[in-house]
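One structure is given here, and the rest of the page talks about it.
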Amino acid sequence: MRYLSTRGQALRQPFAEMLLAGLAPDGGLYLPEVWPRFMQTELSAFGLVPYADAARAIMGHFVGASFTDDELTADIAAAYAAFDNPQIAPLVEIAPNLYLLELFHGPTLAFKDIALQLLGRLFARLLKKRGGRATVLAATSGDTGSAAIAALGGLENIEVFVLHPQGRVSDVQRRQMTAAPFANVHNVAIEGSFDDAQAIVKALFAETRFAHSVNLTAVNSINFARIAAQCVYYFTAAAQLGAPAAFIVPTGNFGDVFAGEAAMRMGLAVRKLVVATNSNDIMARALNDGVYAAGSAHPTLSPSMDIQVASNFERALYEASDRDARWLRDVMAAFAHDRRIALPEDILIALRSRYAATRADDHETLDAIGRVHAETGRLIDPHTAVGVVAANNLQLHKDGPVVVLSTAHPAKFPAAVEKATGQIPPVPPRLKQALEGDEKLDVLAAEKDLVRAYIEARVPGL
Ligand SMILES: *Cc1c(COP(=O)(O)O)cnc(C)c1O
């Protein structure tokens with residue numbers, strides 16, 4: 001299996017090179033040359049076997065010859081041994097035909113762990129085999145940072161730089177990153193929004209000389225390996241339900257919901273992929289009105305989705321255009337210039353055959369947390385609640401199962417949960433422990449040159 005770039009001007013690479021690079025050198029995003037296809041019997045079996053076995057069967061197609069079966073098996077087993085629920089991604093029915101898919105049972109209590117616990121191990125294995133060092137640079141809207149730190153903190157050959165928007169992540173999210181006791185982890189609070197931080201990351205990747213000099217690599221969802229690991233739970237959930245489901249996905253950077261498209265392209269029957277956004281609703285506007293236009297992100301109760309430029313949408317556009325790299329290059333260049341794309345009719349039709357979209361403001365989000373608590377006794381986090389609002393708006397459970405991806409544990413967002421229900425969610429011991437250390441972070445203006453210098457001063461041997 002090799003990986004090509006959505007912009008069509010990069011060499012095709014095996015999984016290992018794709019994993020280490022993250023972003024393709026032509027600025028595009030990697031996708032598999034061809035999607036693996038599963039047969040119906042294989043799809044049904046994913047509901048009967050342990051999660052790690054399903055993950056191995058699915059990831060095996062993606063990693064190709066880059067890792068042996070034994071290596072992949074060992075890393076998957078170790079990644080998911082760190083989870084506090086043996087099902088890894090349990091499915092819970094909260095109303096007739098309405099399910100939560102709990103993705104927050106990993107070390108940092110958000111769904112990012114599912115991919116990053118595995119990526120960290122594959123990464124470490126590759127670097128050990130090949131020698132050399134890597135520099136991981138990540139922009140985070142709140143959860144990728146702590147998940148990357150939990151996966152890569154303390155590893156020998158990796159330096160980790162995490163940029164978060166200052167004051168725009170929850171206190172728990174910030175402490176999870178800044179109180180981590182690892183010498184190879186560097187937290188930077190950027191004076192700006194997540195989009196500013198993400199733009200700096202992309203710009204530094206585009207500086208080829210710098211990127212090569214530090215072996216820069218990305219663990220944001222622009223890294224296809226994350227999408228590959230995330231499509232697994234769509235397969236296991238669908239197989240457990242035994243009937244085609246609609247999946248509702250609290251969305252920011254469009255990575256998680258694109259993992260649903262990946263599963264569909266590999267043969268999974270899905271009724272609809274619902275993009276659920278908060279009031280930073282660029283994706284809802286793109287799919288509903290046909291215009292993908294970036295505004296400026298503003299803070300909400302679901303900070304991990306306070307994003308206005310959804311990087312992974314490029315992958316969906318590429319597929320919707322039947323993989324027309326030349327068209328995509330033109331469109332992305334126009335977007336970089338105008339911050340706006342008017343989507344052609346045929347592209348919109350292709351996107352809408354798979355995706356629907358709705359948004360929820362903070363008021364509706366609190367209302368959903370309160371309602372789920374009143375009706376089921378469960379506390380849900382504000383990101384999950386945005387998905388529950390979407391479920392309510394679209395009423396898809398009348399025609400079959402609906403699965404809301406529950407992307408974070410409520411204890412990560414105690415203020416919102418308390419406001420909605422009067423209850424403070426109990427803090428799991430692993431989280432309590434993670435928050436105890438002294439905080440360590442630096443503050444930088446949102447300027448790429450400052451971030452470059454900061455990294456250069458801290459990468460050993462430069
Ligand atoms: C990252 C995140 C999201 C958004 O996922 P994307 O892949 O960026 O769309 C939603 N909820 C939580 C809790 C997250 O951490």
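So you can find residues: chains in the structure tokens are A, B, ... in the order shown, residues in each start at 1, and ligands are numbered from 1 in order.
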Determine, using only C-alpha atoms, which residues of range 373-413 of chain A have any atom at most 12 Å from an atom of range 431-454 of chain A, and tabulate each with its shortest atom pair and distance in Å to one decimal place, rows ordered by chain and then rising number, as a tab-separated table.
residue	atom	partner	partner_atom	distance
A:His409	CA	A:Leu431	CA	10.3
A:Pro410	CA	A:Leu431	CA	11.6
A:Ala411	CA	A:Leu431	CA	8.4
A:Lys412	CA	A:Leu431	CA	8.6
Inset, instruction - List all protein, DNA and RNA residues that have any atom at most 9 Å from ligand 1, counting only C-alpha atoms and all ligand atoms, and write the list as a PyMOL selection string. - result: chain A and resi 104+109-112+140-144+220-221+227+249-259+275+277+302-307+310-312+381-384+405-409+412
Legend entry - Residue contacts of range 147-149 of chain A (8 Å, only C-alpha atoms) excluding same-chain residues fewer than 3 positions away, as a PyMOL selection string: chain A and resi 107-108+110+112-113+116-117+120+143-144+152-153+160+177+180+185+219
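Among the candidates A:Val92, A:Ala228, A:Ala134, A:Leu301, the one nearest to Met266 in chain A when counting only C-alpha atoms is A:Ala228.
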Inset, instruction - Could you tell me which of A:Thr217, A:Thr68, A:Thr376, A:Gln308 comes closest to Arg340 in chain A if we count only C-alpha atoms? - result: A:Gln308
Compile the contact shell of range 349-355 of chain A as a CSV table (one decimal) with C-alpha atoms, in the first residue's frame: residues with an atom at most 9 Å away, counting only C-alpha atoms, same-chain residues fewer than 5 positions apart removed.
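Saved to part33.csv:
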chain,number,residue,atom,x,y,z
A,261,GLU,CA,-16.0,8.3,5.0
A,270,VAL,CA,-23.6,4.0,6.6
A,271,ARG,CA,-26.9,5.8,6.4
A,272,LYS,CA,-25.4,9.3,6.9
A,273,LEU,CA,-22.4,10.9,8.4
A,274,VAL,CA,-23.6,14.0,10.3
A,275,VAL,CA,-21.2,16.8,10.8
A,287,LEU,CA,-22.5,21.6,3.4
A,288,ASN,CA,-25.8,23.4,3.7
A,316,ALA,CA,-13.3,14.9,1.3
A,317,LEU,CA,-13.1,17.5,-1.5
A,319,GLU,CA,-12.7,12.3,-3.1
A,320,ALA,CA,-15.8,14.2,-4.1
A,321,SER,CA,-14.0,15.4,-7.2
A,344,PRO,CA,-19.5,23.5,-7.6
Legend entry - Polymer residues at most 8 Å from Pro401 in chain A, only C-alpha atoms, same-chain spacing of 5 or more positions, as number ranges by chain: A: 97-99, 241, 243-246, 396
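Remark: for Gly47 in chain A, the closest of the candidate residues A:Ala357, A:Ala269, A:Pro299, A:Ala238 is A:Ala238 (distances computed over only C-alpha atoms).
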Inset, instruction - Using only C-alpha atoms, determine which residues lie at most 10 Å from range 33-36 of chain A, disregarding the query and same-chain residues fewer than 3 positions distant; provide the list as JSON, numbers by chain. - result: {"A": [1, 2, 3, 4, 5, 12, 13, 30, 58, 61, 62, 262, 263, 264, 265, 266, 267]}
Let's have the selection written as a compact mmCIF listing (two decimals), in the first residue's frame, with N, CA, C and O atoms.
# COMPACT_ATOMS: atom_id res chain seq x y z
N MET A 1 0.85 -1.21 0.00
CA MET A 1 0.00 0.00 0.00
C MET A 1 0.88 1.25 0.00
O MET A 1 1.75 1.40 0.85
N ARG A 2 0.62 2.13 -0.97
CA ARG A 2 1.34 3.41 -0.96
C ARG A 2 0.34 4.56 -0.81
O ARG A 2 -0.86 4.40 -1.01
N TYR A 3 0.89 5.73 -0.48
CA TYR A 3 0.06 6.91 -0.19
C TYR A 3 0.39 8.02 -1.17
O TYR A 3 1.56 8.32 -1.43
N LEU A 4 -0.66 8.63 -1.70
CA LEU A 4 -0.48 9.73 -2.63
C LEU A 4 -0.95 11.02 -1.98
O LEU A 4 -1.65 11.01 -0.97
N SER A 5 -0.55 12.14 -2.56
CA SER A 5 -0.96 13.44 -2.03
C SER A 5 -2.19 13.95 -2.77
O SER A 5 -2.29 13.81 -3.99
N ARG A 12 4.72 9.03 -4.35
CA ARG A 12 3.93 8.10 -3.55
C ARG A 12 4.84 7.43 -2.53
O ARG A 12 5.98 7.10 -2.85
N GLN A 13 4.33 7.27 -1.31
CA GLN A 13 5.18 6.80 -0.22
C GLN A 13 4.54 5.61 0.48
O GLN A 13 3.32 5.53 0.58
N TYR A 30 -2.00 13.16 2.62
CA TYR A 30 -1.87 11.80 2.09
C TYR A 30 -3.17 11.02 2.17
O TYR A 30 -3.94 11.15 3.13
N ILE A 58 -7.93 -4.25 10.30
CA ILE A 58 -8.14 -3.05 9.48
C ILE A 58 -6.82 -2.33 9.23
O ILE A 58 -6.46 -2.02 8.08
N HIS A 61 -4.18 -3.61 6.56
CA HIS A 61 -4.28 -3.19 5.15
C HIS A 61 -3.55 -1.87 4.91
O HIS A 61 -3.05 -1.63 3.82
N PHE A 62 -3.55 -1.01 5.91
CA PHE A 62 -2.95 0.31 5.72
C PHE A 62 -1.43 0.29 5.89
O PHE A 62 -0.73 0.99 5.17
N ALA A 262 -13.86 7.17 5.22
CA ALA A 262 -12.89 6.12 4.91
C ALA A 262 -13.53 4.74 5.10
O ALA A 262 -13.42 3.87 4.24
N ALA A 263 -14.25 4.58 6.22
CA ALA A 263 -14.90 3.28 6.48
C ALA A 263 -15.91 2.96 5.38
O ALA A 263 -15.99 1.83 4.89
N MET A 264 -16.67 3.98 4.95
CA MET A 264 -17.64 3.76 3.87
C MET A 264 -16.93 3.34 2.58
O MET A 264 -17.37 2.45 1.87
N ARG A 265 -15.82 3.98 2.30
CA ARG A 265 -15.11 3.66 1.06
C ARG A 265 -14.49 2.26 1.12
O ARG A 265 -14.13 1.70 0.10
N MET A 266 -14.38 1.75 2.34
CA MET A 266 -13.87 0.38 2.49
C MET A 266 -15.00 -0.64 2.54
O MET A 266 -14.76 -1.81 2.83
N GLY A 267 -16.22 -0.19 2.31
CA GLY A 267 -17.32 -1.13 2.18
C GLY A 267 -18.38 -1.06 3.26
O GLY A 267 -19.37 -1.79 3.20
Inset, instruction - From a DSSP pass on the backbone, collect the residues of range 14-166 of chain A flagged as alpha helix (DSSP H) and hand them back as a VMD selection string. - result: chain A and resid 15 to 21 40 to 45 51 to 63 69 to 81 112 to 130 143 to 152
Legend entry - d(CA of Ala218 in chain A, CA of Met59 in chain A) in Å: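 Spanning CA of Ala218 in chain A to CA of Met59 in chain A is a straight-line distance of 19.1 Å.
Here CA of Ser193 in chain A and CA of Arg209 in chain A stand 26.6 Å from one another.
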